[in-house]
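Inspection log for the structure reproduced underneath, given as structure tokens.
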Amino acid sequence: MTDSTIVVAGATGNLGGRIARALRERGANVRALVRPGTARDKLERLQEFGAAIASVDWSRASEVTPACAWASCVVSALQGLREVIVDTQTVLLDAAITAGVPRFIPSDYSIDFTKLPPGENRNLDLRRDFHTRLDKASVAATTIFNGAFADMLTGQMPLILFKLKRVLYWADADQRMDFTTMDDTAAFTASAALDPSTPRFLRIAGDQLSARELTAVVSEVTGKHFRLFRAGGLRTLSVLIEVARTVAPGEKKLYPAWQGMQYMRNMFDGRAKLEPLDNDRYPSMRWTTTRDVLSARQVG
Ligand SMILES: NC(=O)c1ccc[n+]([C@@H]2O[C@H](COP(=O)([O-])OP(=O)(O)OC[C@H]3O[C@@H](n4cnc5c(N)ncnc54)[C@H](OP(=O)(O)O)[C@@H]3O)[C@@H](O)[C@H]2O)c1
């Protein structure tokens, strides 16, 4: 238990709400920075588990800085394009430093983009741009890398094609990928926020599986025979990304089709794989496997 105060930006969101709750479960005081005019139900959800609310106009340092006062760490789970990931997070970073907050966790929660060159993944490039500011700042920063959210395997991520009983892969059926649930990512982030001596990067994975291994797991859990489906090689995927970006640019959208394809390419080419893992850093963590996620889908 702790009497630390942690500021959470993005607490009205999916991951941020879970981080705020996990911090409260660890005894921390949570101050959620929200936009003016945030819907009442979103605020009530945070207040129910004891988060304090600070409504801030993100364009005004004079509002964001006092909202960071006395915190031991600022955690960002903001989501958006450049104006949020670079611009709003910069306001938050500057405010944290001016308020004397010693530690900062940026909104990364992804594959390890430090191992990729710029230009391969638009959304991750925005985080890289923010890092160039973060790494010059007088604050101790810690990025959490968790691979893909395992929760997305049951829907959003086009890997397990449940109706067709296929597991789609690109290039290499034996390339392992990192999957961590949102709750596990949130729990680990909360522990990291309360840990005064974290390194610049922490890498976690609830599970590391290849498409072939995923095929075995989903077959076992569902009792149905799933088979591998090779969609093509990485060069084909790169061509498809270019085509999709030309015919359906959607540059102002957070997740246009080509953005999801960029993530797929990064996951299947193996360079952004997480190692070594820091899973054992907090002994209370219990990791959720892909089997657990798929079994819950069967029950649900
Ligand atoms: N590894 C993965 O597979 C994976 C998958 C999904 C997300 N993520 C990462 O997880 C993090 C959080 O994502 P999420 O899905 O939880 O996001 P989300 O549910 O969309 O929540 C986004 C949060 O950012 C706030 N926000 C958005 N635009 C803002 C702005 N202009 N000014 C101030 N606040 C703003 C939202 O506030 P309002 O409620 O006011 O809109 C909300 O609190 C991101 O870094 C994302 O990339 C990772």
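Ligands are numbered from 1 in the order shown, residues from 1 within each chain, and chains are lettered A, B, ... in the order they appear in the structure tokens.
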
Shell of 12 Å around Gly10 of chain A, only C-alpha atoms, local chain residues under 5 positions omitted, as a VMD selection string: chain A and resid 15 to 20 31 to 35 38 42 to 43 46 53 to 56 58 74 to 80 84 to 85 88 to 89 92 106 to 107

Same residues, N, CA, C and O atoms, saved as a compact mmCIF listing (two decimals), in the first residue's frame:
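Done, and the output landed in again34.txt:
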```txt
# COMPACT_ATOMS: atom_id res chain seq x y z
N LEU A 15 -7.81 1.64 -21.91
CA LEU A 15 -6.66 1.24 -21.10
C LEU A 15 -6.49 2.14 -19.89
O LEU A 15 -6.24 1.66 -18.77
N GLY A 16 -6.66 3.45 -20.10
CA GLY A 16 -6.43 4.41 -19.02
C GLY A 16 -7.34 4.15 -17.82
O GLY A 16 -6.93 4.26 -16.66
N GLY A 17 -8.60 3.80 -18.09
CA GLY A 17 -9.54 3.49 -17.01
C GLY A 17 -9.06 2.28 -16.21
O GLY A 17 -9.15 2.24 -14.98
N ARG A 18 -8.54 1.29 -16.94
CA ARG A 18 -8.04 0.08 -16.25
C ARG A 18 -6.79 0.40 -15.43
O ARG A 18 -6.59 -0.14 -14.35
N ILE A 19 -5.93 1.29 -15.96
CA ILE A 19 -4.73 1.68 -15.21
C ILE A 19 -5.15 2.41 -13.93
O ILE A 19 -4.63 2.14 -12.84
N ALA A 20 -6.10 3.33 -14.07
CA ALA A 20 -6.56 4.10 -12.90
C ALA A 20 -7.11 3.15 -11.83
O ALA A 20 -6.79 3.27 -10.64
N ARG A 31 -5.34 10.87 -9.66
CA ARG A 31 -5.94 12.11 -10.17
C ARG A 31 -6.09 11.95 -11.68
O ARG A 31 -5.09 11.88 -12.40
N ALA A 32 -7.33 11.86 -12.13
CA ALA A 32 -7.60 11.67 -13.56
C ALA A 32 -7.77 13.02 -14.22
O ALA A 32 -8.66 13.80 -13.85
N LEU A 33 -6.92 13.30 -15.22
CA LEU A 33 -7.03 14.56 -15.96
C LEU A 33 -7.98 14.33 -17.14
O LEU A 33 -7.70 13.49 -18.01
N VAL A 34 -9.10 15.04 -17.15
CA VAL A 34 -10.10 14.82 -18.20
C VAL A 34 -10.38 16.13 -18.93
O VAL A 34 -10.10 17.22 -18.41
N ARG A 35 -10.98 15.99 -20.11
CA ARG A 35 -11.34 17.19 -20.87
C ARG A 35 -12.59 17.83 -20.28
O ARG A 35 -13.48 17.11 -19.80
N THR A 38 -16.52 16.37 -20.30
CA THR A 38 -16.54 14.90 -20.33
C THR A 38 -17.88 14.39 -19.79
O THR A 38 -18.39 14.91 -18.79
N LYS A 42 -18.93 8.82 -17.70
CA LYS A 42 -17.49 8.50 -17.71
C LYS A 42 -16.84 8.94 -16.38
O LYS A 42 -16.00 8.25 -15.83
N LEU A 43 -17.28 10.12 -15.91
CA LEU A 43 -16.71 10.63 -14.65
C LEU A 43 -17.15 9.76 -13.48
O LEU A 43 -16.35 9.43 -12.59
N LEU A 46 -15.18 6.63 -12.97
CA LEU A 46 -13.89 6.85 -12.31
C LEU A 46 -14.07 7.13 -10.82
O LEU A 46 -13.31 6.62 -9.98
N ILE A 53 -11.04 13.72 -9.87
CA ILE A 53 -11.12 14.23 -11.24
C ILE A 53 -10.55 15.65 -11.30
O ILE A 53 -10.88 16.48 -10.45
N ALA A 54 -9.70 15.91 -12.29
CA ALA A 54 -9.27 17.29 -12.57
C ALA A 54 -9.60 17.58 -14.03
O ALA A 54 -9.07 16.93 -14.93
N SER A 55 -10.50 18.51 -14.23
CA SER A 55 -10.89 18.87 -15.59
C SER A 55 -9.92 19.93 -16.10
O SER A 55 -9.74 20.96 -15.46
N VAL A 56 -9.26 19.67 -17.23
CA VAL A 56 -8.25 20.61 -17.72
C VAL A 56 -8.45 20.92 -19.20
O VAL A 56 -8.79 20.04 -19.99
N TRP A 58 -6.53 21.28 -22.26
CA TRP A 58 -5.19 20.80 -22.61
C TRP A 58 -4.37 21.84 -23.37
O TRP A 58 -3.17 21.65 -23.57
N VAL A 74 3.43 10.69 -13.62
CA VAL A 74 2.34 10.97 -14.56
C VAL A 74 2.28 9.81 -15.54
O VAL A 74 3.30 9.44 -16.14
N VAL A 75 1.10 9.23 -15.67
CA VAL A 75 0.91 8.12 -16.61
C VAL A 75 0.00 8.61 -17.72
O VAL A 75 -1.10 9.11 -17.46
N SER A 76 0.44 8.46 -18.96
CA SER A 76 -0.41 8.83 -20.09
C SER A 76 -0.95 7.57 -20.75
O SER A 76 -0.21 6.63 -21.05
N ALA A 77 -2.27 7.59 -20.98
CA ALA A 77 -2.90 6.55 -21.81
C ALA A 77 -3.76 7.26 -22.85
O ALA A 77 -4.83 6.80 -23.22
N LEU A 78 -3.24 8.42 -23.28
CA LEU A 78 -3.96 9.19 -24.31
C LEU A 78 -3.88 8.43 -25.63
O LEU A 78 -2.94 7.67 -25.87
N GLN A 79 -4.85 8.67 -26.47
CA GLN A 79 -4.83 8.02 -27.78
C GLN A 79 -5.25 9.03 -28.83
O GLN A 79 -6.16 9.85 -28.58
N GLY A 80 -4.61 9.00 -29.97
CA GLY A 80 -4.95 9.92 -31.04
C GLY A 80 -3.82 9.99 -32.05
O GLY A 80 -2.90 9.16 -32.02
N VAL A 84 -2.45 14.67 -30.51
CA VAL A 84 -2.56 14.12 -29.15
C VAL A 84 -1.22 13.50 -28.72
O VAL A 84 -0.67 13.88 -27.67
N ILE A 85 -0.71 12.59 -29.52
CA ILE A 85 0.48 11.82 -29.10
C ILE A 85 1.72 12.70 -29.01
O ILE A 85 2.55 12.53 -28.12
N THR A 88 -0.38 17.09 -27.38
CA THR A 88 -0.98 17.09 -26.03
C THR A 88 -0.04 16.42 -25.02
O THR A 88 0.08 16.88 -23.88
N GLN A 89 0.63 15.34 -25.47
CA GLN A 89 1.57 14.72 -24.52
C GLN A 89 2.73 15.65 -24.19
O GLN A 89 3.28 15.59 -23.08
N LEU A 92 1.52 17.85 -21.51
CA LEU A 92 1.50 17.06 -20.26
C LEU A 92 2.92 16.90 -19.69
O LEU A 92 3.14 17.06 -18.48
N PRO A 106 4.84 7.35 -20.88
CA PRO A 106 4.13 7.82 -22.08
C PRO A 106 3.13 6.78 -22.59
O PRO A 106 3.21 5.60 -22.22
N SER A 107 2.25 7.22 -23.47
CA SER A 107 1.23 6.32 -24.02
C SER A 107 1.82 5.55 -25.19
O SER A 107 1.60 5.90 -26.35
```

Strand (DSSP E or B) call set, DSSP backbone run, segment 76-251 of chain A, as number ranges by chain: A: 76, 103-105, 110, 140-141, 143-145, 148-149, 160-161, 166-170, 177-180, 201-203, 207-209, 227-232

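The shell of residues at most 9 Å from Met177 of chain A, with only C-alpha atoms counted and near chain neighbours (fewer than 3 positions) removed, consists of Gly147, Ala148, Asp207, Gln208, Leu209, Ser210, Ala211, Met267, Phe268, Gly270, Lys273 and Leu274 of chain A.
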
All residues 10 Å or closer to Ser138 of chain A, only C-alpha atoms, same chain fewer than 5 positions away omitted, as a ChimeraX atom specification: /A:93-94,96-98,100-103

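Closest to ligand 1 among A:Thr185, A:Thr132, A:Thr154, A:Thr142 is A:Thr185, based on only C-alpha atoms and all ligand atoms.
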
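Using only C-alpha atoms, the shortest contact distance between His131 of chain A and any of A:Phe149, A:Phe162, A:Phe201, A:Phe49 is found at A:Phe201.
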
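Counting only C-alpha atoms and all ligand atoms, the residue from A:Arg212, A:Arg203, A:Arg127, A:Arg26 that sits nearest to ligand 1 is A:Arg127.
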
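Considering the residues A:Gln156, A:Ser197, A:Thr65, A:Asn266 and counting only C-alpha atoms, Asp112 of chain A has its shortest atom-to-atom contact with A:Asn266.
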
Nearest-residue call for ligand 1, choices A:Ala95, A:Leu124, A:Ala296, A:Ala171, using only C-alpha atoms and all ligand atoms: A:Leu124

Proximity to ligand 1 - best of A:Ala150, A:Val221, A:Leu237, A:Val167, only C-alpha atoms and all ligand atoms: A:Ala150

Hey, what's within 8 Å of Val91 of chain A if we count only C-alpha atoms and toss same-chain stuff fewer than 5 positions away? As a short mmCIF file (atom, residue, chain, number, x, y, z; two decimals) with N, CA, C and O atoms, in the first residue's frame, please?
```
data_model
loop_
_atom_site.label_atom_id
_atom_site.label_comp_id
_atom_site.auth_asym_id
_atom_site.auth_seq_id
_atom_site.Cartn_x
_atom_site.Cartn_y
_atom_site.Cartn_z
N TRP A 58 -6.53 21.28 -22.26
CA TRP A 58 -5.19 20.80 -22.61
C TRP A 58 -4.37 21.84 -23.37
O TRP A 58 -3.17 21.65 -23.57
N SER A 59 -5.01 22.92 -23.82
CA SER A 59 -4.22 23.93 -24.53
C SER A 59 -3.62 24.94 -23.55
O SER A 59 -2.87 25.83 -23.94
N ALA A 61 -1.26 25.44 -20.36
CA ALA A 61 -0.29 24.93 -19.38
C ALA A 61 -0.70 25.38 -17.97
O ALA A 61 -0.47 24.68 -16.99
N VAL A 64 -2.93 22.66 -16.77
CA VAL A 64 -2.41 21.29 -16.69
C VAL A 64 -1.33 21.18 -15.59
O VAL A 64 -1.26 20.19 -14.86
#
```

Exercise: Met285 of chain A partners within 8 Å, only C-alpha atoms, chain neighbours under 2 positions left out, as a VMD selection string: chain A and resid 184 187 to 188 279 to 280 282 to 283 287

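Reported to one decimal place, the separation of atom CA of Leu234 of chain A from atom CA of Thr290 of chain A is 24.6 Å.
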
Which of segment 69-221 of chain A DSSP labels alpha helix (DSSP H), written as number ranges by chain: A: 82, 89-98, 122-134, 182-193, 211-221
